[in-house]
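Have a look at the structure below, then the notes.
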Amino acid sequence: MHYVKLILSIIAATCLASCGNAGETVQLNTEAEGKPAIWKVTGPKADDPKSEKSESVASGTAYLFGTIHTLPKNIEWSTPILEAAIKDSDELIIEVVGLEDKKNSAKIFSELALSPDLPTVEARIKPSLHDELDRVLDESNIAEITLNRMESWAAALSLATAQTGKLGLSSDEGVEKKLIAKFDALKKPVSGLETIEQQLGYFDKLPESDQREMLTSVLEESGDTREAFQELFDAWYTGDIIKLEKLTEGGILEKPEIRERILVARNKDWDEQLHKKLKKPGTLFVAVGAAHLVGLDAVQLMLEKRGYSVQKIQ
């Protein structure tokens, strides 16, 4: 999987500034009907044979909506089904809240990302990528001396985010930001499944060898970031979950230990959180990165294994 696709479909850590020098905004195909995938989750009921035990009886409902965390301006992805689900919901749940406080977000990132006495970034990559590193740095506002102070996972995220910024992509145009505005206007609460520290911590705890593999992937794939985003967008925008699943396979996620740490473990945690919330009356609107809702480890499939009824409604 292209590493920047991973950033866009899994990681909501938009505390990373889009520090790329603005280039030509990516042109997206929106001629097809926009209908990003939505699932409705209900049950299990007391008389459901799949219900785990009486304490598992659920009275709540949830809509699960896969997102892209950064987009260019003027992309219309809302639909009548989506708007009806928002109106029907009592609360919005996203991956992380508080990202709008960029000063605090940057502080948390720095506390986790910066370490003394690190080897230079050049020393952490193979010599054949040195020219590519220089090119990416020239196109961004990241000083090499700053990058050298970052742990390898943080350098990878920073360089990937710079590439998305160069395409005119912004978290301010991302799905979560727009959803928050909709729920705020309806005076409905917004909560998160993770803290900023938790989300970045999944990467901070990766072994150095895996972090360097991430860094290498970002540089090796930097030349086709535009095409990678267009491919991801097309699959997400048209609700093509088969294509989305294929886009979350391969690359660094081929390694079971990395996939477990940065995708599966988080899905398991969210499954447990949603299971507890669904025991109470009410309707939740859950918006998380699209990669969390495709494949055998999808959050809705974990809920289905508990006995919940899951229906794709868009």
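Numbering starts fresh at 1 for the residues of each chain in the structure tokens, the chains themselves are lettered A, B, ... in the order given, and ligands are numbered from 1 as they appear.
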
Per residue of region 69-116 of chain A within 8 Å of region 272-290 of chain A, note the shortest atom pair and the distance in Å to one decimal, counting only C-alpha atoms, and order the rows by chain and increasing residue number, as a Markdown table.
```
| residue | atom | partner | partner_atom | distance |
| --- | --- | --- | --- | --- |
| A:His69 | CA | A:Gly289 | CA | 6.9 |
| A:Ala85 | CA | A:Phe285 | CA | 7.4 |
| A:Ile86 | CA | A:Phe285 | CA | 6.7 |
| A:Asp88 | CA | A:Thr283 | CA | 7.0 |
| A:Ser89 | CA | A:Thr283 | CA | 4.7 |
| A:Asp90 | CA | A:Thr283 | CA | 5.3 |
| A:Glu91 | CA | A:Leu284 | CA | 5.2 |
| A:Leu92 | CA | A:Phe285 | CA | 4.8 |
| A:Ile93 | CA | A:Val286 | CA | 4.7 |
| A:Ile94 | CA | A:Ala287 | CA | 5.1 |
| A:Glu95 | CA | A:Val288 | CA | 5.7 |
```

Writing out the chosen residues with N, CA and C atoms as a CSV table (one decimal), in the first residue's frame:
```csv
chain,number,residue,atom,x,y,z
A,69,HIS,N,-9.3,11.9,5.8
A,69,HIS,CA,-9.0,12.9,6.7
A,69,HIS,C,-8.6,14.3,6.1
A,85,ALA,N,-29.0,10.2,8.3
A,85,ALA,CA,-28.3,9.5,9.4
A,85,ALA,C,-27.8,10.5,10.5
A,86,ILE,N,-27.3,11.6,10.0
A,86,ILE,CA,-26.8,12.7,10.9
A,86,ILE,C,-28.0,13.2,11.7
A,88,ASP,N,-30.7,11.7,12.5
A,88,ASP,CA,-31.2,10.6,13.3
A,88,ASP,C,-30.3,10.4,14.5
A,89,SER,N,-29.0,10.9,14.5
A,89,SER,CA,-28.0,10.6,15.5
A,89,SER,C,-28.0,11.6,16.6
A,90,ASP,N,-27.6,11.1,17.8
A,90,ASP,CA,-27.6,11.9,19.0
A,90,ASP,C,-26.2,12.5,19.3
A,91,GLU,N,-25.2,11.8,18.7
A,91,GLU,CA,-23.8,12.1,19.0
A,91,GLU,C,-22.9,11.8,17.9
A,92,LEU,N,-21.8,12.6,17.6
A,92,LEU,CA,-20.8,12.3,16.7
A,92,LEU,C,-19.6,11.7,17.4
A,93,ILE,N,-19.1,10.6,16.9
A,93,ILE,CA,-17.8,10.0,17.5
A,93,ILE,C,-16.8,9.9,16.4
A,94,ILE,N,-15.7,10.6,16.5
A,94,ILE,CA,-14.6,10.6,15.6
A,94,ILE,C,-13.3,9.9,16.2
A,95,GLU,N,-12.3,9.8,15.5
A,95,GLU,CA,-11.1,9.2,16.0
A,95,GLU,C,-10.5,10.0,17.2
```

Could you pull the residues within 10 Å of region 71-75 of chain A, counting only C-alpha atoms, minus those fewer than 4 positions along the same chain, as a PDB file with N, CA, C and O atoms, in the first residue's frame?
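Output contents, as saved in result_7.pdb:
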```pdb
ATOM      1  N   LEU A   8      -3.755   8.963   4.824  1.00  0.00           N
ATOM      2  CA  LEU A   8      -5.042   9.567   4.498  1.00  0.00           C
ATOM      3  C   LEU A   8      -6.228   8.726   4.933  1.00  0.00           C
ATOM      4  O   LEU A   8      -7.311   9.257   5.161  1.00  0.00           O
ATOM      5  N   THR A  25      -3.320  22.060  -7.232  1.00  0.00           N
ATOM      6  CA  THR A  25      -4.288  21.265  -6.480  1.00  0.00           C
ATOM      7  C   THR A  25      -4.689  20.036  -7.286  1.00  0.00           C
ATOM      8  O   THR A  25      -4.926  20.112  -8.489  1.00  0.00           O
ATOM      9  N   VAL A  26      -4.748  18.910  -6.598  1.00  0.00           N
ATOM     10  CA  VAL A  26      -5.097  17.669  -7.263  1.00  0.00           C
ATOM     11  C   VAL A  26      -6.487  17.778  -7.889  1.00  0.00           C
ATOM     12  O   VAL A  26      -7.409  18.343  -7.305  1.00  0.00           O
ATOM     13  N   GLN A  27      -6.616  17.291  -9.109  1.00  0.00           N
ATOM     14  CA  GLN A  27      -7.894  17.296  -9.813  1.00  0.00           C
ATOM     15  C   GLN A  27      -8.554  15.931  -9.644  1.00  0.00           C
ATOM     16  O   GLN A  27      -7.970  14.899  -9.984  1.00  0.00           O
ATOM     17  N   LEU A  28      -9.772  15.916  -9.119  1.00  0.00           N
ATOM     18  CA  LEU A  28     -10.441  14.666  -8.791  1.00  0.00           C
ATOM     19  C   LEU A  28     -11.647  14.443  -9.693  1.00  0.00           C
ATOM     20  O   LEU A  28     -12.323  15.390 -10.099  1.00  0.00           O
ATOM     21  N   THR A  30     -15.145  13.708 -10.000  1.00  0.00           N
ATOM     22  CA  THR A  30     -16.385  13.701  -9.221  1.00  0.00           C
ATOM     23  C   THR A  30     -17.607  13.572 -10.125  1.00  0.00           C
ATOM     24  O   THR A  30     -18.720  13.914  -9.740  1.00  0.00           O
ATOM     25  N   GLY A  34     -21.377  10.485  -5.963  1.00  0.00           N
ATOM     26  CA  GLY A  34     -20.685  10.379  -4.688  1.00  0.00           C
ATOM     27  C   GLY A  34     -21.551   9.662  -3.661  1.00  0.00           C
ATOM     28  O   GLY A  34     -22.636  10.143  -3.320  1.00  0.00           O
ATOM     29  N   THR A 164       1.040  15.711   0.960  1.00  0.00           N
ATOM     30  CA  THR A 164      -0.392  15.959   0.786  1.00  0.00           C
ATOM     31  C   THR A 164      -0.672  17.454   0.729  1.00  0.00           C
ATOM     32  O   THR A 164      -1.548  17.896  -0.022  1.00  0.00           O
ATOM     33  N   GLY A 165       0.069  18.235   1.518  1.00  0.00           N
ATOM     34  CA  GLY A 165      -0.110  19.680   1.468  1.00  0.00           C
ATOM     35  C   GLY A 165       0.234  20.249   0.114  1.00  0.00           C
ATOM     36  O   GLY A 165      -0.413  21.190  -0.372  1.00  0.00           O
ATOM     37  N   LEU A 167      -0.348  18.955  -2.637  1.00  0.00           N
ATOM     38  CA  LEU A 167      -1.465  18.677  -3.547  1.00  0.00           C
ATOM     39  C   LEU A 167      -2.691  19.539  -3.246  1.00  0.00           C
ATOM     40  O   LEU A 167      -3.733  19.378  -3.878  1.00  0.00           O
ATOM     41  N   GLY A 168      -2.580  20.418  -2.272  1.00  0.00           N
ATOM     42  CA  GLY A 168      -3.731  21.243  -1.917  1.00  0.00           C
ATOM     43  C   GLY A 168      -4.711  20.547  -1.001  1.00  0.00           C
ATOM     44  O   GLY A 168      -5.861  20.974  -0.864  1.00  0.00           O
ATOM     45  N   LEU A 169      -4.269  19.466  -0.344  1.00  0.00           N
ATOM     46  CA  LEU A 169      -5.126  18.733   0.584  1.00  0.00           C
ATOM     47  C   LEU A 169      -4.984  19.331   1.974  1.00  0.00           C
ATOM     48  O   LEU A 169      -3.889  19.694   2.405  1.00  0.00           O
ATOM     49  N   SER A 170      -6.086  19.397   2.693  1.00  0.00           N
ATOM     50  CA  SER A 170      -6.060  20.022   4.011  1.00  0.00           C
ATOM     51  C   SER A 170      -7.040  19.325   4.943  1.00  0.00           C
ATOM     52  O   SER A 170      -8.125  18.903   4.523  1.00  0.00           O
ATOM     53  N   SER A 171      -6.654  19.221   6.208  1.00  0.00           N
ATOM     54  CA  SER A 171      -7.579  18.658   7.197  1.00  0.00           C
ATOM     55  C   SER A 171      -8.776  19.577   7.404  1.00  0.00           C
ATOM     56  O   SER A 171      -9.846  19.122   7.817  1.00  0.00           O
ATOM     57  N   ASP A 172      -8.616  20.874   7.107  1.00  0.00           N
ATOM     58  CA  ASP A 172      -9.744  21.800   7.235  1.00  0.00           C
ATOM     59  C   ASP A 172     -10.852  21.473   6.237  1.00  0.00           C
ATOM     60  O   ASP A 172     -12.011  21.845   6.444  1.00  0.00           O
ATOM     61  N   GLU A 173     -10.496  20.794   5.151  1.00  0.00           N
ATOM     62  CA  GLU A 173     -11.480  20.366   4.158  1.00  0.00           C
ATOM     63  C   GLU A 173     -11.858  18.901   4.336  1.00  0.00           C
ATOM     64  O   GLU A 173     -12.689  18.373   3.600  1.00  0.00           O
ATOM     65  N   GLY A 174     -11.235  18.234   5.294  1.00  0.00           N
ATOM     66  CA  GLY A 174     -11.478  16.815   5.514  1.00  0.00           C
ATOM     67  C   GLY A 174     -12.877  16.543   6.033  1.00  0.00           C
ATOM     68  O   GLY A 174     -13.591  17.438   6.515  1.00  0.00           O
ATOM     69  N   VAL A 175     -13.272  15.275   5.971  1.00  0.00           N
ATOM     70  CA  VAL A 175     -14.635  14.884   6.325  1.00  0.00           C
ATOM     71  C   VAL A 175     -14.945  15.196   7.783  1.00  0.00           C
ATOM     72  O   VAL A 175     -16.019  15.708   8.108  1.00  0.00           O
ATOM     73  N   PHE A 229      -3.367   9.304  -4.280  1.00  0.00           N
ATOM     74  CA  PHE A 229      -4.530   9.934  -3.662  1.00  0.00           C
ATOM     75  C   PHE A 229      -5.759   9.824  -4.552  1.00  0.00           C
ATOM     76  O   PHE A 229      -6.864   9.563  -4.082  1.00  0.00           O
ATOM     77  N   PHE A 233      -9.192   8.280  -3.395  1.00  0.00           N
ATOM     78  CA  PHE A 233     -10.402   9.104  -3.431  1.00  0.00           C
ATOM     79  C   PHE A 233     -11.500   8.442  -4.256  1.00  0.00           C
ATOM     80  O   PHE A 233     -12.663   8.386  -3.831  1.00  0.00           O
ATOM     81  N   TYR A 237     -14.996   7.695  -2.654  1.00  0.00           N
ATOM     82  CA  TYR A 237     -16.100   8.543  -3.107  1.00  0.00           C
ATOM     83  C   TYR A 237     -17.247   7.723  -3.688  1.00  0.00           C
ATOM     84  O   TYR A 237     -18.422   8.065  -3.521  1.00  0.00           O
TER      85      TYR A 237
END
```

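Residue neighbourhood of Arg261 (chain A), excluding near-sequence residues (fewer than 2 positions): Tyr202, Phe203, Lys205, Leu206, Pro256, Glu257, Ile258, Arg259, Leu263, Val264, Ala265 and Arg266 of chain A, at 9 Å, using only C-alpha atoms.
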
Writing out the chosen residues with C-alpha atoms as a PDB file, in the first residue's frame:
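Result went into part26.pdb, see below:
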```
ATOM      1  CA  TYR A 202       0.962   3.589  18.247  1.00  0.00           C
ATOM      2  CA  PHE A 203       3.713   4.767  15.913  1.00  0.00           C
ATOM      3  CA  LYS A 205       6.122   2.377  20.059  1.00  0.00           C
ATOM      4  CA  LEU A 206       6.995   0.667  16.791  1.00  0.00           C
ATOM      5  CA  PRO A 256       1.549  -8.733  10.498  1.00  0.00           C
ATOM      6  CA  GLU A 257       3.182  -7.011  13.477  1.00  0.00           C
ATOM      7  CA  ILE A 258       2.793  -3.533  11.956  1.00  0.00           C
ATOM      8  CA  ARG A 259      -0.765  -4.208  10.825  1.00  0.00           C
ATOM      9  CA  LEU A 263      -4.742  -0.976  12.512  1.00  0.00           C
ATOM     10  CA  VAL A 264      -6.090  -4.145  14.129  1.00  0.00           C
ATOM     11  CA  ALA A 265      -5.319  -3.247  17.751  1.00  0.00           C
ATOM     12  CA  ARG A 266      -7.065   0.085  17.323  1.00  0.00           C
TER      13      ARG A 266
END
```

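Compared by their closest atoms to Pro80 (chain A), and using only C-alpha atoms, the residues A:Lys35, A:Arg124, A:Lys107, A:Lys312 rank with A:Lys35 nearest.
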
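With CA of Thr161 (chain A) on one side and CA of Leu137 (chain A) on the other, the separation reads 12.0 Å.
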
Next item on the list: Please report, as a PyMOL selection string, each residue of region 4-245 of chain A to which DSSP assigns alpha helix (DSSP H) when run on this structure's backbone.
Entry: chain A and resi 4-10+80-88+102-113+130-138+144-148+152-166+175-185+196-204+208-220+225-237+241-245

Check: Which neighbours of Leu303 (chain A) fall inside 10 Å, counting only C-alpha atoms, when residues of the same chain fewer than 2 positions from it are skipped, and could you give them as a ChimeraX atom specification?
Finding: /A:41-44,268,270-272,274-275,298-301,305-310

What does the file look like for those residues with C-alpha atoms, as a tab-separated table (two decimals), in the first residue's frame?
```
chain	number	residue	atom	x	y	z
A	41	VAL	CA	-25.46	-1.32	13.35
A	42	THR	CA	-28.29	-2.50	15.64
A	43	GLY	CA	-28.85	-5.13	18.36
A	44	PRO	CA	-28.13	-7.70	19.65
A	268	LYS	CA	-10.35	-3.97	18.63
A	270	TRP	CA	-12.95	0.81	19.15
A	271	ASP	CA	-15.10	-2.31	18.93
A	272	GLU	CA	-14.98	-2.59	22.72
A	274	LEU	CA	-18.71	1.02	20.82
A	275	HIS	CA	-20.03	-2.20	22.32
A	298	ALA	CA	-13.19	-4.08	10.03
A	299	VAL	CA	-14.82	-2.59	13.11
A	300	GLN	CA	-18.35	-3.44	11.95
A	301	LEU	CA	-17.37	-7.09	11.43
A	305	LYS	CA	-19.27	-11.25	15.69
A	306	ARG	CA	-20.72	-10.02	18.99
A	307	GLY	CA	-24.22	-10.56	17.60
A	308	TYR	CA	-24.98	-7.10	16.21
A	309	SER	CA	-26.91	-6.73	12.98
A	310	VAL	CA	-24.87	-4.84	10.38
```
